[in-house]
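Peer 1: Sharing a structure with you now.
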Amino acid sequence: MSESTVSKPARQDYEQALDQSDRNVAAFEGHEKNIFDRLQHFLHGNPTMVPVIVLIASVIAFGFVAGSNFFSAFNLSLIMQQVSIIGILAAAQSLVILTAGIDLSVGAIMVLMSVIMGSLSVKLGIPTPLAIAIGFAGGALAGFLNGLFVTRFKLPPFIVTLGTWNIFFALTLWLSGAQSIRSQDIDAAAPLLKIFGESFRVGSAQFTYGSVLMVLIFAVLWYMLNRTAWGRHVYAIGDDKEAAELSGIRTNRTLLSVYALAGLVCGLAAWASIGRVGSVSPQSFQEANLQSITAVVIGGISLFGGRGSIIGPLVGALIVGIFNSGLRLAGVDVLWQLFAIGWLTIIAVAIDQWIRKLSS
Amino acid sequence: MTYSKLLKSFMLGAAAVSVAALATPASAQEEIGACLITKTDINPFFVKMKEGATAKASELGVKLSTYAGKIDGDHETQVQAIETCIASGAKGILITASDTKAIVPVVKKARDAGLLVIALDTPLEPIDAADATFATDNFKAGELIGQWAAATLGEEAANAKIGLLNLTPSAPSVDVLRNQGFLKGFGIDIKDANLIGDEDDPRIVGHDVTNGNEEGGRKAMENLLMKDADINVVHTINEPAAAGAYETLKSFGKTEGIVLVSVDGGCPGVQNVKEGIIGATSQQYPLQMAALGIEAIKKFADTGEVPKPTEGLDFFDTGVSLITDKPVDGVKSVDSAAGLEKCWG
């Protein structure tokens with residue numbers, strides 16, 4: 001039996017009008033296909049692309065403006081070293097910001113833990129690995145404390161961490177007497193503290209273990225956020241906490257784990273910072289919390305939570321480093337470097353808002 | 001029962017204390033009051049200052065109250081401290097002002113009320129807004145290390161490549177004085193002495209800022225070495241910045257043949273001079289500043305005499321000495337052992 005032999009049932013008259021009707025299946029309204037809409041769509045799907053494009057463009061641009069000194073493998077690897085600490089803090093910051101929170105205390109936790117690690121091992125002679133472990137535990141505990149205030153007492157993260165920032169800073173000064181522990185004393189008593197300052201060469205590039213640690217932390221967090229249920233919960237809470245709760249996520253427990261993990265990462269940053277700076281310096285990194293937020297924002301993570309890739313802040317931190325280095329080598333005064341980074345931050349948030357329009 | 005007893009005795013005790021407190025002013029009518037107001041309570045420099053003032057005050061029988069801002073730049077707390085001080089009937093105030101311009105009106109209020117106001121370490125703007133200023137001559141501190149660096153290099157000073165690690169982008173006066181003093185001491189035409197960076201001597205590679213800590217020193221030194229890897233003279237605003245710069249020099253394999261100089265004279269810094277990490281540092285004496293200040297207030301209360309500035313300067317110079325273990329001809333210095341005896345922090 002071939003198709004042609006099948007006789008169609010005769011149509012009724014009233015059905016004939018159907019032939020003139022739209023035969024498309026139900027669909028959403030089509031988009032205007034101008035270039036900006038396409039771009040907006042593309043960026044909405046790939047929020048990390050903005051910082052990546054800015055990163056590549058700025059490397060090329062500064063390569064022309066600042067010359068061969070800038071564009072050397074050595075300088076580019078040096079920028080990696082310079083941003084490593086802020087980069088690690090930005091990773092911790094991202095976790096909290098993804099839940100639509102903010103953590104102003106990341107820098108203070110880091111400095112406090114570095115002072116604890118240094119005091120225990122250099123001044124009190126406790127075995128270095130134990131001192132480092134205590135520093136990690138302290139970092140996690142400090143983060144947990146932030147989380148506790150946010151979840152149990154329902155206080156806004158901004159206020160909680162504004163408070164603990166001051167508290168941790170005060171403890172730092174109290175424990176250290178505002179005195180640095182000298183590099184040479186660390187070498188003598190606890191060289192392990194400075195391990196992340198050691199470097200190895202690849203061609204003319206010089207990488208410290210601290211820069212490697214930064215990349216590793218981002219890789220691990222990327223896996224946790226994208227390949228585990230916990231990670232999906234973090235995004236869900238940031239996107240809409242009530243909806244997440246209604247769908248069965250134990251939001252408070254997840255939030256607590258986010259703050260504690262962020263604190264632990266700050267503990268890692270503390271260890272790395274001793275290697276980077278050389279000494280334990282209670283007066284350093286006073287603006288680290290704000291710099292970490294800058295890196296996160298430039299990296300395309302939305303301050304409203306739930307959107308953005310953890311890789312973004314790594315790129316964001318590198319962009320800040322590239323701008324500073326490039327402008328400096330081009331002979332631009334320090335204050336204009338601040339000026340440029342300020343604009344960069346505002347523009348990054350403006351782009352985020354523009355992309356977000358699509359989802360509303 | 002025991003509880004109410006406890007409460008009763010506590011109340012009685014409290015009453016006794018308050019009666020005693022009321023009685024104090026009457027019985028201590030003759031006692032001279034003085035106030036010390038520092039920028040913060042945490043910087044070892046100010047801690048030492050407080051120590052010096054407290055010791056001298058108890059020696060002379062002066063009743064000292066101390067106040068400090070919460071952080072460097074905390075102007076409000078200092079204003080409140082001065083107001084409290086005027087109200088307490090003190091005879092004089094020693095102050096390291098956080099905001100040297102904004103503090104002037106309230107300082108005037110104190111002087112109008114008959115108090116002697118002495119600026120310690122940091123001159124007010126204008127400097128004659130205080131009755132006197134007891135401070136380190138920061139220009140001279142810079143000059144000493146500049147002269148030492150030039151003499152250490154000898155003939156090679158003519159081909160030096162100089163990197164300057166300063167404090168902050170806003171370049172406060174201490175930053176300018178140390179920077180310009182160093183360059184003048186090194187033998188460079190500094191043009192306007194109130195301006196960092198207007199020099200055109202080709203030996204200067206560049207300036208960068210450190211925020212006066214190790215992390216900033218390290219980064220700034222990296223930046224300057226990227227500009228010119230042949231830098232062999234490094235001026236630093238203070239010893240933590242110098243320690244950071246040294247870490248960079250170490251990681252770049254450039255510790256040999258570098259002349260690294262600094263200012264302050266804190267104990268970790270002098271220790272670094274002893275170990276050959278810093279070539280020379282200019283030591284200042286916060287303890288001395290405060291002790292002299294208390295003496296001046298006592299004298300003012302007793303005789304009405306206002307302290308006079310050092311000849312040729314518009315402030316009283318509390319002294320600075322060059323600390324180095326490699327002395328050079330023509331620049332007076334003391335060794336690190338002597339420096340460690342007088343170091344602060």
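Residue names in the structure tokens use chain letters A, B, ... in the order shown, residue numbers from 1 in each chain, and ligand numbers from 1 in the order shown.
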Using only C-alpha atoms, select each residue of chain B with any atom at most 7 Å away from an atom of chain A, and give the selection as a list in words.
Peer 2: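 The contacting residues on chain B are Ile42, Asn43, Pro44, Pro169, Asn213, Glu214, Glu215, Arg218, Lys219, Met226, Lys227, Gly244, Glu247 and Pro268 of chain B.
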Peer 1: Which residues are close to Ala110 in chain B, i.e. within 12 Å by only C-alpha atoms, leaving aside same-chain residues fewer than 4 positions away? Reply as an NGL selection string.
Peer 2: :B and (35 or 79-95 or 103-106 or 114-118 or 129-131)
Peer 1: Just to be explicit: take each residue in the selection above, keep N, CA and C atoms, and write the result as a CSV table (one decimal), in the first residue's frame.
Peer 2:
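Heads up, here's the output in out-v4.csv:
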chain,number,residue,atom,x,y,z
B,35,CYS,N,47.7,66.2,78.9
B,35,CYS,CA,47.0,65.2,78.1
B,35,CYS,C,48.0,64.8,76.9
B,79,VAL,N,39.4,65.4,68.2
B,79,VAL,CA,38.7,66.6,68.6
B,79,VAL,C,38.0,66.5,70.0
B,80,GLN,N,37.3,65.3,70.1
B,80,GLN,CA,36.7,65.0,71.4
B,80,GLN,C,37.7,65.0,72.5
B,81,ALA,N,38.9,64.4,72.3
B,81,ALA,CA,39.9,64.3,73.3
B,81,ALA,C,40.3,65.7,73.8
B,82,ILE,N,40.5,66.6,72.8
B,82,ILE,CA,41.0,68.0,73.2
B,82,ILE,C,39.9,68.7,74.0
B,83,GLU,N,38.6,68.5,73.6
B,83,GLU,CA,37.5,69.1,74.3
B,83,GLU,C,37.5,68.6,75.8
B,84,THR,N,37.6,67.2,75.9
B,84,THR,CA,37.6,66.6,77.2
B,84,THR,C,38.7,67.2,78.1
B,85,CYS,N,39.9,67.4,77.4
B,85,CYS,CA,41.1,67.9,78.1
B,85,CYS,C,40.9,69.3,78.6
B,86,ILE,N,40.3,70.2,77.8
B,86,ILE,CA,40.0,71.5,78.2
B,86,ILE,C,39.1,71.5,79.4
B,87,ALA,N,38.1,70.7,79.3
B,87,ALA,CA,37.1,70.6,80.4
B,87,ALA,C,37.7,70.1,81.7
B,88,SER,N,38.8,69.2,81.6
B,88,SER,CA,39.3,68.7,82.8
B,88,SER,C,40.3,69.6,83.5
B,89,GLY,N,40.5,70.8,82.9
B,89,GLY,CA,41.4,71.8,83.6
B,89,GLY,C,42.9,71.5,83.5
B,90,ALA,N,43.3,70.7,82.5
B,90,ALA,CA,44.7,70.4,82.3
B,90,ALA,C,45.5,71.6,81.9
B,91,LYS,N,46.8,71.6,82.1
B,91,LYS,CA,47.6,72.7,81.8
B,91,LYS,C,48.2,72.7,80.4
B,92,GLY,N,48.2,71.5,79.8
B,92,GLY,CA,48.8,71.4,78.5
B,92,GLY,C,48.4,70.1,77.8
B,93,ILE,N,48.6,70.2,76.4
B,93,ILE,CA,48.3,69.0,75.6
B,93,ILE,C,49.5,68.7,74.7
B,94,LEU,N,49.8,67.4,74.6
B,94,LEU,CA,50.7,66.9,73.6
B,94,LEU,C,49.9,66.2,72.5
B,95,ILE,N,50.1,66.5,71.3
B,95,ILE,CA,49.2,65.9,70.3
B,95,ILE,C,50.0,65.5,69.0
B,103,ILE,N,42.5,70.1,62.6
B,103,ILE,CA,42.5,70.2,64.1
B,103,ILE,C,42.8,71.6,64.6
B,104,VAL,N,43.2,72.5,63.7
B,104,VAL,CA,43.6,73.8,64.1
B,104,VAL,C,42.6,74.6,64.9
B,105,PRO,N,41.3,74.7,64.5
B,105,PRO,CA,40.3,75.5,65.2
B,105,PRO,C,40.2,75.0,66.7
B,106,VAL,N,40.1,73.7,66.9
B,106,VAL,CA,39.9,73.2,68.3
B,106,VAL,C,41.2,73.4,69.1
B,114,GLY,N,43.9,78.8,77.7
B,114,GLY,CA,45.1,78.9,78.6
B,114,GLY,C,46.0,77.7,78.6
B,115,LEU,N,45.7,76.7,77.7
B,115,LEU,CA,46.5,75.5,77.7
B,115,LEU,C,47.7,75.7,76.8
B,116,LEU,N,48.8,75.0,77.1
B,116,LEU,CA,50.0,75.0,76.3
B,116,LEU,C,49.8,73.8,75.3
B,117,VAL,N,49.8,74.0,74.0
B,117,VAL,CA,49.6,72.9,73.1
B,117,VAL,C,50.9,72.7,72.3
B,118,ILE,N,51.4,71.4,72.4
B,118,ILE,CA,52.7,71.1,71.7
B,118,ILE,C,52.4,70.0,70.7
B,129,ALA,N,50.3,77.1,64.6
B,129,ALA,CA,49.0,76.9,65.2
B,129,ALA,C,49.1,76.3,66.6
B,130,ALA,N,50.3,75.6,66.8
B,130,ALA,CA,50.6,75.1,68.1
B,130,ALA,C,51.6,76.0,68.8
B,131,ASP,N,51.7,76.0,70.1
B,131,ASP,CA,52.7,76.8,70.8
B,131,ASP,C,54.1,76.4,70.5
Peer 1: Once DSSP has gone over the backbone, tell me which residues of range 235-264 of chain B are in helix (DSSP H, G or I), as an mmCIF file with N, CA and C atoms, in the first residue's frame.
Peer 2:
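Output below, filename states.cif:
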data_model
loop_
_atom_site.group_PDB
_atom_site.id
_atom_site.type_symbol
_atom_site.label_atom_id
_atom_site.label_comp_id
_atom_site.auth_asym_id
_atom_site.auth_seq_id
_atom_site.Cartn_x
_atom_site.Cartn_y
_atom_site.Cartn_z
ATOM 1 N N GLU B 239 61.172 51.179 57.690
ATOM 2 C CA GLU B 239 61.850 49.886 57.687
ATOM 3 C C GLU B 239 60.981 48.704 57.250
ATOM 4 N N PRO B 240 59.663 48.690 57.584
ATOM 5 C CA PRO B 240 58.842 47.615 57.017
ATOM 6 C C PRO B 240 58.856 47.628 55.481
ATOM 7 N N ALA B 241 58.776 48.809 54.883
ATOM 8 C CA ALA B 241 58.836 48.906 53.417
ATOM 9 C C ALA B 241 60.184 48.388 52.920
ATOM 10 N N ALA B 242 61.252 48.684 53.673
ATOM 11 C CA ALA B 242 62.580 48.214 53.282
ATOM 12 C C ALA B 242 62.662 46.687 53.344
ATOM 13 N N ALA B 243 62.039 46.100 54.392
ATOM 14 C CA ALA B 243 62.053 44.643 54.524
ATOM 15 C C ALA B 243 61.336 43.995 53.338
ATOM 16 N N GLY B 244 60.221 44.600 52.906
ATOM 17 C CA GLY B 244 59.501 44.096 51.738
ATOM 18 C C GLY B 244 60.339 44.205 50.479
ATOM 19 N N ALA B 245 61.012 45.355 50.321
ATOM 20 C CA ALA B 245 61.856 45.573 49.142
ATOM 21 C C ALA B 245 62.970 44.533 49.096
ATOM 22 N N TYR B 246 63.510 44.197 50.266
ATOM 23 C CA TYR B 246 64.594 43.227 50.305
ATOM 24 C C TYR B 246 64.124 41.857 49.816
ATOM 25 N N GLU B 247 62.868 41.483 50.152
ATOM 26 C CA GLU B 247 62.324 40.204 49.678
ATOM 27 C C GLU B 247 62.317 40.160 48.153
ATOM 28 N N THR B 248 61.944 41.282 47.539
ATOM 29 C CA THR B 248 61.943 41.341 46.081
ATOM 30 C C THR B 248 63.353 41.198 45.539
ATOM 31 N N LEU B 249 64.282 41.947 46.123
ATOM 32 C CA LEU B 249 65.669 41.889 45.653
ATOM 33 C C LEU B 249 66.172 40.451 45.737
ATOM 34 N N LYS B 250 65.776 39.760 46.813
ATOM 35 C CA LYS B 250 66.194 38.374 46.986
ATOM 36 C C LYS B 250 65.618 37.505 45.873
ATOM 37 N N SER B 251 64.330 37.695 45.577
ATOM 38 C CA SER B 251 63.713 36.820 44.575
ATOM 39 C C SER B 251 64.208 37.160 43.166
#
Peer 1: Give me, as JSON lines, each residue of range 63-146 of chain B that comes within 8 Å of range 184-197 of chain B, together with its shortest interatomic pair and the distance in Å at one decimal, counting only C-alpha atoms, with rows ordered by chain and rising residue number.
Peer 2:
{"residue": "B:Gly142", "atom": "CA", "partner": "B:Gly185", "partner_atom": "CA", "distance": 7.2}
{"residue": "B:Glu143", "atom": "CA", "partner": "B:Gly185", "partner_atom": "CA", "distance": 4.2}
{"residue": "B:Leu144", "atom": "CA", "partner": "B:Gly185", "partner_atom": "CA", "distance": 6.4}
{"residue": "B:Ile145", "atom": "CA", "partner": "B:Gly185", "partner_atom": "CA", "distance": 7.2}
{"residue": "B:Gly146", "atom": "CA", "partner": "B:Gly185", "partner_atom": "CA", "distance": 4.2}
Peer 1: Give me a file of those residues, with C-alpha atoms, as a PDB file, in the first residue's frame.
Peer 2:
ATOM      1  CA  GLY B 142      66.585  61.747  54.697  1.00  0.00           C
ATOM      2  CA  GLU B 143      69.681  63.804  54.081  1.00  0.00           C
ATOM      3  CA  LEU B 144      71.796  61.593  56.349  1.00  0.00           C
ATOM      4  CA  ILE B 145      70.949  58.370  54.509  1.00  0.00           C
ATOM      5  CA  GLY B 146      71.382  60.165  51.174  1.00  0.00           C
TER       6      GLY B 146
END
Peer 1: Let me make sure I understand: among B:Thr210, B:Leu120, B:Asn232, B:Val176, which one has the smallest atom-to-atom distance to Ala158 in chain B if we use only C-alpha atoms?
Peer 2: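 Smallest separation from Ala158 in chain B among the options: B:Asn232.
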Peer 1: Hey, what's within 12 Å of Ala348 in chain A if we count only C-alpha atoms and toss same-chain stuff fewer than 4 positions away? As a list in words, please?
Peer 2: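 Residues meeting the cut-off are Pro47, Thr48, Met49, Val50, Pro51, Val54, Ile293, Thr294, Ala295, Val296, Val297, Ile298, Gly299, Gly300, Ile301, Ser302, Leu303, Gly312, Pro313, Gly316, Ile319, Ile341, Gly342, Trp343, Leu344, Asp352, Gln353, Trp354 and Ile355 of chain A.
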Peer 1: Quick one: distance from CA of Tyr285 in chain B to CA of Leu177 in chain B in Å, one decimal?
Peer 2: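 According to the coordinates, CA of Tyr285 in chain B and CA of Leu177 in chain B are separated by 17.1 Å.
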Peer 1: Which residues, written as a list of chain:residue names, have at least one atom at most 12 Å from Leu225 in chain A, with only C-alpha atoms counted and residues fewer than 3 positions away on the same chain left out?
Peer 2: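 Listed by chain and then number, they are A:Ala91, A:Ser94, A:Leu95, A:Leu98, A:Thr99, A:Phe218, A:Ala219, A:Val220, A:Leu221, A:Trp222, A:Thr228, A:Ala229, A:Trp230, A:Gly231, A:Arg232, A:His233, A:Val234, A:Tyr235, A:Ala236, A:Val258, A:Gly306, A:Arg307, A:Gly308, A:Ser309, A:Ile310, A:Ile311.
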Peer 1: How many Å lie between CA of Phe71 in chain A and CA of Phe207 in chain A, rounded to one decimal?
Peer 2: 15.9 Å
Peer 1: Using only C-alpha atoms, determine which residues lie at most 7 Å from Gln78 in chain B, disregarding the query and same-chain residues fewer than 6 positions distant; provide the list as a ChimeraX atom specification.
Peer 2: /B:37,68-69
Peer 1: Rounded to one decimal place, report the CA of Cys266 in chain A-CA of Gly147 in chain A distance in Å.
Peer 2: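 Atom-to-atom, CA of Cys266 in chain A to CA of Gly147 in chain A, that is 14.5 Å.
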Peer 1: Using DSSP on the backbone coordinates, identify the residues of range 20-223 of chain A assigned to strand (DSSP E or B); present them as a list in words.
Peer 2: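 The strand (DSSP E or B) subset of range 20-223 of chain A is Ile181, Ser199, Phe200, Arg201, Val202, Ala205, Gln206, Phe207 and Thr208 of chain A.
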Peer 1: When you look at Asp185 in chain A with a cut-off of 10 Å (counting only C-alpha atoms), what residues show up, excluding the ones that are within fewer than 4 positions of it in the same chain? I need them as a PyMOL selection string.
Peer 2: chain A and resi 118+122-123+181+189-191+279
Peer 1: Using only C-alpha atoms, please write the residues we just selected to a file, as a compact mmCIF listing (two decimals), in the first residue's frame.
Peer 2:
# COMPACT_ATOMS: atom_id res chain seq x y z
CA GLY A 118 53.48 33.19 62.71
CA VAL A 122 58.05 31.55 65.46
CA LYS A 123 57.41 33.02 68.90
CA ILE A 181 57.59 39.11 62.44
CA ALA A 189 62.27 29.07 63.03
CA ALA A 190 59.59 28.06 60.54
CA PRO A 191 60.68 28.10 56.87
CA SER A 279 57.24 38.49 56.77
Peer 1: Smallest atom-to-atom distance to Gly265 in chain B: which of B:His235, B:Lys63, B:Lys48, B:Lys342, using only C-alpha atoms?
Peer 2: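 Once distances to Gly265 in chain B are computed over only C-alpha atoms, the minimum belongs to B:Lys342.
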Peer 1: Within 10 Å of Met80 in chain A, counting only C-alpha atoms, which residues qualify if same-chain residues fewer than 5 places away don't, as a list in words?
Peer 2: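 Near neighbours after the sequence-gap exclusion: Phe74, Asn75, Ile85, Gly87, Gln206, Phe207, Thr208, Gly210, Ser211, Val212, Met214, Val215, Ala317, Leu318, Gly321 and Ile322 of chain A.
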